[in-house]
file coords.cif (mmCIF, C-alpha atoms (C1' of nucleotides))
data_coords
loop_
_atom_site.label_atom_id
_atom_site.label_comp_id
_atom_site.auth_asym_id
_atom_site.auth_seq_id
_atom_site.Cartn_x
_atom_site.Cartn_y
_atom_site.Cartn_z
CA MET A 8 -18.98 -54.24 13.13
CA ASN A 9 -18.84 -50.50 12.59
CA ASN A 10 -15.54 -50.36 14.41
CA LEU A 11 -14.21 -53.05 12.14
CA LEU A 12 -15.21 -51.08 9.04
CA ARG A 13 -13.64 -47.92 10.43
CA LYS A 14 -10.41 -49.77 11.12
CA LEU A 15 -10.38 -51.21 7.61
CA LEU A 16 -10.94 -47.75 6.13
CA ASP A 17 -8.01 -46.48 8.21
CA ASP A 18 -5.87 -49.21 6.69
CA ARG A 19 -6.89 -48.51 3.11
CA LEU A 20 -4.13 -48.69 0.52
CA ALA A 21 -3.49 -45.28 -1.05
CA GLN A 22 -2.43 -44.06 -4.45
CA ASP A 23 1.31 -44.38 -3.81
CA PHE A 24 0.95 -48.13 -3.26
CA PHE A 25 -0.47 -48.57 -6.75
CA THR A 26 1.82 -46.04 -8.46
CA ARG A 27 4.62 -48.54 -8.84
CA GLU A 28 5.71 -51.05 -11.44
CA THR A 29 2.74 -53.34 -12.06
CA THR A 30 4.39 -56.68 -11.24
CA LYS A 31 5.70 -55.24 -7.97
CA VAL A 32 2.19 -54.17 -6.99
CA ALA A 33 0.86 -57.63 -7.88
CA HIS A 34 3.50 -59.21 -5.64
CA ASP A 35 2.85 -56.83 -2.74
CA LEU A 36 -0.95 -57.22 -2.84
CA LEU A 37 -0.60 -60.75 -1.49
CA GLY A 38 -1.73 -60.82 2.13
CA LYS A 39 -3.67 -57.57 1.74
CA LEU A 40 -7.45 -57.36 2.14
CA LEU A 41 -10.24 -57.01 -0.38
CA VAL A 42 -13.12 -55.21 1.35
CA SER A 43 -16.68 -54.51 0.26
CA TYR A 44 -19.27 -52.60 2.26
CA HIS A 45 -22.59 -52.40 0.47
CA ASN A 46 -26.19 -52.42 1.73
CA LYS A 47 -24.77 -52.57 5.26
CA ILE A 48 -23.06 -55.84 4.50
CA LEU A 49 -19.34 -56.16 5.16
CA LEU A 50 -17.33 -58.64 3.12
CA VAL A 51 -13.60 -59.18 3.62
CA GLY A 52 -11.14 -61.55 2.00
CA LYS A 53 -7.38 -61.97 2.17
CA ILE A 54 -5.71 -61.79 -1.24
CA VAL A 55 -3.80 -65.00 -1.95
CA GLU A 56 -3.33 -64.96 -5.74
CA THR A 57 -2.74 -62.15 -8.28
CA GLU A 58 -1.55 -61.60 -11.84
CA ALA A 59 0.09 -58.54 -13.42
CA TYR A 60 -0.95 -57.24 -16.85
CA ARG A 61 1.28 -54.50 -18.22
CA SER A 62 0.69 -52.55 -21.43
CA ASP A 63 3.86 -53.92 -23.07
CA ASP A 64 2.59 -57.45 -22.44
CA PRO A 65 1.05 -59.36 -25.37
CA ALA A 66 -1.37 -61.08 -22.98
CA SER A 67 -2.81 -57.82 -21.67
CA HIS A 68 -6.07 -56.37 -22.90
CA THR A 69 -4.19 -53.07 -23.31
CA TYR A 70 -1.43 -54.41 -25.57
CA ARG A 71 -3.02 -53.15 -28.79
CA GLY A 72 -3.91 -49.74 -27.45
CA LYS A 73 -6.90 -48.09 -25.90
CA THR A 74 -10.42 -49.33 -26.67
CA GLU A 75 -13.77 -48.80 -25.02
CA ARG A 76 -13.45 -51.99 -22.96
CA ASN A 77 -9.94 -51.43 -21.63
CA SER A 78 -10.07 -47.65 -21.20
CA THR A 79 -10.14 -47.96 -17.41
CA MET A 80 -6.60 -49.31 -17.36
CA PHE A 81 -5.39 -46.20 -19.18
CA GLY A 82 -7.17 -44.01 -16.64
CA PRO A 83 -6.58 -43.02 -13.02
CA ILE A 84 -4.48 -45.29 -10.83
CA GLY A 85 -6.38 -47.14 -8.12
CA HIS A 86 -9.60 -47.53 -10.07
CA ALA A 87 -11.31 -50.89 -10.52
CA TYR A 88 -11.16 -52.49 -13.97
CA VAL A 89 -13.98 -55.03 -14.25
CA TYR A 90 -14.35 -56.99 -17.48
CA ILE A 91 -16.60 -59.77 -18.70
CA ASN A 92 -14.78 -62.92 -19.57
CA TYR A 93 -15.93 -66.02 -21.44
CA GLY A 94 -19.29 -64.30 -21.70
CA ILE A 95 -20.18 -65.44 -18.21
CA HIS A 96 -17.75 -64.32 -15.54
CA TYR A 97 -16.43 -61.02 -14.22
CA GLY A 98 -12.77 -60.34 -13.53
CA PHE A 99 -11.69 -57.76 -10.96
CA ASN A 100 -8.50 -55.72 -11.39
CA VAL A 101 -6.97 -52.65 -9.82
CA VAL A 102 -5.26 -50.12 -12.08
CA ALA A 103 -1.58 -50.02 -11.17
CA ARG A 104 1.46 -48.79 -13.09
CA ASP A 105 4.48 -46.54 -12.90
CA GLU A 106 5.30 -43.65 -15.22
CA ASN A 107 6.96 -45.92 -17.79
CA PHE A 108 3.70 -47.47 -18.93
CA PRO A 109 0.48 -45.88 -20.21
CA ALA A 110 -1.68 -48.70 -18.83
CA GLY A 111 -1.57 -51.61 -16.41
CA GLY A 112 -3.56 -53.57 -13.91
CA VAL A 113 -3.44 -56.37 -11.36
CA LEU A 114 -6.01 -59.16 -11.60
CA ILE A 115 -7.13 -60.44 -8.21
CA ARG A 116 -7.42 -64.18 -8.82
CA ALA A 117 -8.23 -65.55 -5.38
CA VAL A 118 -8.96 -64.50 -1.81
CA GLU A 119 -9.58 -66.33 1.44
CA PRO A 120 -12.95 -65.43 3.00
CA LEU A 121 -12.68 -63.70 6.38
CA GLU A 122 -15.89 -61.73 6.90
CA GLY A 123 -19.43 -62.16 5.59
CA ILE A 124 -18.99 -65.81 4.67
CA GLU A 125 -22.70 -66.60 4.81
CA VAL A 126 -23.47 -63.76 2.39
CA MET A 127 -20.74 -64.97 0.06
CA LYS A 128 -22.25 -68.43 0.07
CA LYS A 129 -25.63 -66.95 -0.77
CA ASN A 130 -24.13 -64.92 -3.61
CA ARG A 131 -22.57 -68.11 -4.91
CA HIS A 132 -25.87 -69.98 -5.00
CA SER A 133 -24.90 -71.86 -8.14
CA ALA A 134 -22.04 -73.55 -6.35
CA SER A 135 -22.93 -77.14 -5.65
CA ASP A 136 -20.21 -77.23 -3.04
CA ALA A 137 -20.42 -74.10 -0.92
CA SER A 138 -17.42 -75.10 1.15
CA LEU A 139 -14.91 -72.45 2.16
CA LYS A 140 -12.41 -73.82 -0.29
CA ASN A 141 -14.57 -73.33 -3.37
CA LEU A 142 -16.04 -69.99 -2.32
CA THR A 143 -13.50 -67.45 -3.63
CA ASN A 144 -10.61 -69.44 -5.10
CA GLY A 145 -10.88 -68.10 -8.65
CA PRO A 146 -11.34 -64.73 -10.39
CA GLY A 147 -14.92 -65.46 -11.45
CA LYS A 148 -15.77 -66.98 -8.08
CA LEU A 149 -14.62 -64.06 -5.97
CA THR A 150 -16.44 -61.47 -8.05
CA GLN A 151 -19.62 -63.53 -7.69
CA ALA A 152 -19.10 -63.95 -3.93
CA PHE A 153 -18.45 -60.21 -3.49
CA GLY A 154 -21.23 -59.14 -5.87
CA ILE A 155 -18.80 -57.30 -8.14
CA THR A 156 -20.20 -56.64 -11.63
CA LYS A 157 -19.78 -54.40 -14.65
CA VAL A 158 -21.32 -51.46 -12.77
CA ASP A 159 -18.19 -51.42 -10.62
CA ASP A 160 -15.90 -50.86 -13.60
CA HIS A 161 -14.13 -47.55 -13.15
CA LEU A 162 -14.96 -47.35 -9.42
CA ASP A 163 -12.32 -45.38 -7.50
CA LEU A 164 -10.96 -47.82 -4.91
CA LEU A 165 -8.99 -45.00 -3.26
CA THR A 166 -12.14 -43.21 -2.12
CA SER A 167 -15.10 -45.61 -2.42
CA SER A 168 -16.25 -47.60 0.57
CA LYS A 169 -18.24 -49.99 -1.61
CA ILE A 170 -15.01 -51.68 -2.63
CA PHE A 171 -11.46 -50.97 -1.49
CA LEU A 172 -8.14 -52.61 -0.64
CA ALA A 173 -6.47 -52.46 2.77
CA LYS A 174 -3.40 -53.66 4.58
CA ASN A 175 -4.01 -56.29 7.22
CA SER A 176 -3.53 -55.13 10.79
CA ILE A 177 -6.50 -57.08 12.14
CA TYR A 178 -6.35 -60.74 11.24
CA PRO A 179 -3.62 -63.21 12.23
CA HIS A 180 -0.56 -63.19 10.03
CA GLU A 181 0.37 -66.69 8.93
CA ASN A 182 3.74 -67.89 7.74
CA TYR A 183 3.93 -68.20 3.99
CA THR A 184 6.22 -67.86 1.01
CA ILE A 185 5.39 -66.10 -2.24
CA GLU A 186 5.64 -68.25 -5.36
CA LYS A 187 5.43 -67.13 -8.98
CA SER A 188 4.48 -68.88 -12.17
CA SER A 189 3.14 -68.44 -15.67
CA ARG A 190 -0.29 -66.87 -15.78
CA ILE A 191 -3.45 -68.97 -16.05
CA GLY A 192 -5.61 -69.27 -19.13
CA ILE A 193 -3.51 -67.20 -21.53
CA SER A 194 -1.86 -68.30 -24.78
CA LYS A 195 0.55 -65.38 -25.22
CA ALA A 196 3.60 -64.49 -23.14
CA ARG A 197 3.56 -67.76 -21.25
CA GLU A 198 7.20 -67.15 -20.42
CA TYR A 199 6.38 -64.19 -18.18
CA LEU A 200 6.16 -65.39 -14.58
CA TRP A 201 3.67 -62.73 -13.58
CA ARG A 202 1.30 -64.82 -11.48
CA PHE A 203 1.95 -64.55 -7.76
CA TYR A 204 0.44 -66.67 -5.03
CA ILE A 205 0.80 -67.48 -1.38
CA LYS A 206 2.12 -70.86 -0.36
CA LYS A 207 1.41 -71.56 3.28
CA LEU A 208 4.08 -73.02 5.51
CA SER A 209 2.86 -75.73 7.84
"C1'" DC B 5 -7.62 -86.38 -8.26
"C1'" DA B 6 -6.64 -85.47 -13.14
"C1'" DC B 7 -8.20 -84.44 -17.38
"C1'" DC B 8 -11.97 -83.05 -20.73
"C1'" DC B 9 -15.62 -80.44 -22.37
"C1'" DG B 10 -19.70 -77.45 -22.92
"C1'" DA B 11 -21.77 -73.03 -21.58
"C1'" DT B 12 -22.34 -68.25 -23.20
"C1'" DT B 13 -21.49 -63.52 -25.05
"C1'" DA B 14 -18.76 -59.07 -25.20
"C1'" DT B 15 -15.22 -57.57 -27.78
"C1'" DC B 16 -12.11 -57.22 -31.44
"C1'" DT B 17 -10.52 -58.37 -36.27
"C1'" DG C 12 -16.27 -65.12 -37.41
"C1'" DA C 13 -13.06 -66.26 -33.71
"C1'" DT C 14 -11.39 -65.75 -29.43
"C1'" DA C 15 -11.32 -65.47 -24.44
"C1'" DA C 16 -7.20 -63.09 -17.83
"C1'" DT C 17 -13.26 -69.28 -16.28
"C1'" DC C 18 -16.23 -72.51 -14.06
"C1'" DG C 19 -18.48 -76.66 -12.92
"C1'" DG C 20 -19.94 -81.09 -14.05
"C1'" DG C 21 -18.69 -85.52 -15.91
"C1'" DT C 22 -15.76 -89.39 -16.72
"C1'" DG C 23 -12.11 -92.34 -15.79
"C1'" DT C 24 -8.05 -93.81 -12.98
#

call {"tool": "encode", "arguments": {"input": "coords.cif", "output": "structure tokens"}}
result
Amino acid sequence: MNNLLRKLLDDRLAQDFFTRETTKVAHDLLGKLLVSYHNKILLVGKIVETEAYRSDDPASHTYRGKTERNSTMFGPIGHAYVYINYGIHYGFNVVARDENFPAGGVLIRAVEPLEGIEVMKKNRHSASDASLKNLTNGPGKLTQAFGITKVDDHLDLLTSSKIFLAKNSIYPHENYTIEKSSRIGISKAREYLWRFYIKKLS
DNA sequence: CACCCGATTATCT
DNA sequence: GATAATCGGGTGT
């Protein structure tokens, strides 16, 4: 268990990964790992769906400039931007942008549970169906399963071990293609195909 | 399985 | 005062 955590920390994604054009980072995060180590509990999920939100994008929280809520996305690259959505759910993003944009982030929309599945099920107590499929297949679901809340807004994912992102050199690599589409749940900029997801090949 | 709708509140206008 | 980067339960096919 401790060896696993050490290995994951060795594989952590660094600042240069996130200091690139936001849609490129969103694309390349697919297949990477979302890791949380908190209260001696290790949770790991493979990222299978993301969305890019750039500051020149009418659908982004940052489109109309800096406010108290969105200030994280104008701040240091690699930090976590956690926002409350629909009054009920949390959304988890990582700040990512190149020098052409003052703000930007990638929303992690879905992961596949790999480690700590029983804890995730417990965290998702409200789920009537605690099956693997319904555990972390949505932005509000994965934050609930991982215990990510508003207190994690602004957390530095480049140095924190509570939450970080890592490449996958541990778990089996499956064959898949990367698909893109319009983003979910937005009314503006529907023509931007900035949602990326993994489609498994059988 | 597809669609529809209510819940619930921070944030912005 | 309206909207929202969602979810889960319900209804109907």

call {"tool": "closest_atom_pairs", "arguments": {"input": "coords.cif", "of": "chain A", "to": "chain B", "cutoff": "12 Å", "atoms": "all atoms listed in the file", "output": "JSON lines"}}
result
{"residue": "A:His68", "atom": "CA", "partner": "B:DT15", "partner_atom": "C1'", "distance": 10.4}
{"residue": "A:Arg71", "atom": "CA", "partner": "B:DC16", "partner_atom": "C1'", "distance": 10.3}
{"residue": "A:Gly72", "atom": "CA", "partner": "B:DC16", "partner_atom": "C1'", "distance": 11.8}
{"residue": "A:Lys73", "atom": "CA", "partner": "B:DC16", "partner_atom": "C1'", "distance": 11.9}
{"residue": "A:Thr74", "atom": "CA", "partner": "B:DC16", "partner_atom": "C1'", "distance": 9.4}
{"residue": "A:Glu75", "atom": "CA", "partner": "B:DT15", "partner_atom": "C1'", "distance": 9.3}
{"residue": "A:Arg76", "atom": "CA", "partner": "B:DT15", "partner_atom": "C1'", "distance": 7.6}
{"residue": "A:Asn77", "atom": "CA", "partner": "B:DT15", "partner_atom": "C1'", "distance": 10.2}
{"residue": "A:Tyr90", "atom": "CA", "partner": "B:DA14", "partner_atom": "C1'", "distance": 9.1}
{"residue": "A:Ile91", "atom": "CA", "partner": "B:DA14", "partner_atom": "C1'", "distance": 6.9}
{"residue": "A:Asn92", "atom": "CA", "partner": "B:DA14", "partner_atom": "C1'", "distance": 7.9}
{"residue": "A:Tyr93", "atom": "CA", "partner": "B:DT12", "partner_atom": "C1'", "distance": 7.0}
{"residue": "A:Gly94", "atom": "CA", "partner": "B:DT13", "partner_atom": "C1'", "distance": 4.1}
{"residue": "A:Ile95", "atom": "CA", "partner": "B:DT12", "partner_atom": "C1'", "distance": 6.1}
{"residue": "A:His96", "atom": "CA", "partner": "B:DT12", "partner_atom": "C1'", "distance": 9.8}
{"residue": "A:Tyr97", "atom": "CA", "partner": "B:DA14", "partner_atom": "C1'", "distance": 11.4}
{"residue": "A:Lys157", "atom": "CA", "partner": "B:DA14", "partner_atom": "C1'", "distance": 11.6}

call {"tool": "atom_distance", "arguments": {"input": "coords.cif", "atom1": "CA of Leu16 in chain A", "atom2": "CA of Thr29 in chain A"}}
result
23.4 Å

call {"tool": "interface_residues", "arguments": {"input": "coords.cif", "of": "chain C", "to": "chain A", "cutoff": "12 Å", "atoms": "only C-alpha atoms (C1' of nucleotides)", "output": "list in words"}}
result
DT14, DA15, DA16, DT17, DC18, DG19 and DG20 of chain C

call {"tool": "write_last_selection", "arguments": {"input": "coords.cif", "atoms": "C-alpha atoms (C1' of nucleotides)", "output": "JSON list (two decimals), in the frame of the given file"}}
result
[["chain", "number", "residue", "atom", "x", "y", "z"],
["C", 14, "DT", "C1'", -11.39, -65.75, -29.43],
["C", 15, "DA", "C1'", -11.32, -65.47, -24.44],
["C", 16, "DA", "C1'", -7.20, -63.09, -17.83],
["C", 17, "DT", "C1'", -13.26, -69.28, -16.28],
["C", 18, "DC", "C1'", -16.23, -72.51, -14.06],
["C", 19, "DG", "C1'", -18.48, -76.66, -12.92],
["C", 20, "DG", "C1'", -19.94, -81.09, -14.05]]

call {"tool": "atom_distance", "arguments": {"input": "coords.cif", "atom1": "CA of Lys207 in chain A", "atom2": "CA of Tyr183 in chain A"}}
result
4.3 Å

call {"tool": "atom_distance", "arguments": {"input": "coords.cif", "atom1": "CA of Lys47 in chain A", "atom2": "CA of Phe153 in chain A"}}
result
13.2 Å

call {"tool": "residues_around", "arguments": {"input": "coords.cif", "residues": "range 30-42 of chain A", "least_positions_apart": "2", "cutoff": "6 Å", "atoms": "only C-alpha atoms (C1' of nucleotides)", "output": "JSON, numbers by chain"}}
result
{"A": [28, 50, 51, 52, 53, 54, 55, 57, 59, 113, 170, 171, 172, 173, 174, 175, 203]}

call {"tool": "resolve_selection", "arguments": {"input": "coords.cif", "expression": "the PyMOL selection byres ((chain A and resi 154) around 10)", "output": "list in words"}}
result
Ser43, His45, Leu50, Tyr97, Val126, Met127, Asn130, Arg131, Lys148, Leu149, Thr150, Gln151, Ala152, Phe153, Ile155, Thr156 and Asp159 of chain A

call {"tool": "closest_residue", "arguments": {"input": "coords.cif", "among": "A:Ser78, A:Ile205, A:Pro65, A:Val102", "to": "Asn182 in chain A", "atoms": "only C-alpha atoms"}}
result
A:Ile205

call {"tool": "residues_around", "arguments": {"input": "coords.cif", "residues": "Ala103 in chain A", "least_positions_apart": "3", "cutoff": "6 Å", "atoms": "only C-alpha atoms (C1' of nucleotides)", "output": "list in words"}}
result
Phe25, Thr26, Thr29, Ile84, Gly111 and Gly112 of chain A

call {"tool": "write_last_selection", "arguments": {"input": "coords.cif", "atoms": "C-alpha atoms", "output": "short mmCIF file (atom, residue, chain, number, x, y, z; two decimals), in the coordinates of the input"}}
result
data_model
loop_
_atom_site.label_atom_id
_atom_site.label_comp_id
_atom_site.auth_asym_id
_atom_site.auth_seq_id
_atom_site.Cartn_x
_atom_site.Cartn_y
_atom_site.Cartn_z
CA PHE A 25 -0.47 -48.57 -6.75
CA THR A 26 1.82 -46.04 -8.46
CA THR A 29 2.74 -53.34 -12.06
CA ILE A 84 -4.48 -45.29 -10.83
CA GLY A 111 -1.57 -51.61 -16.41
CA GLY A 112 -3.56 -53.57 -13.91
#
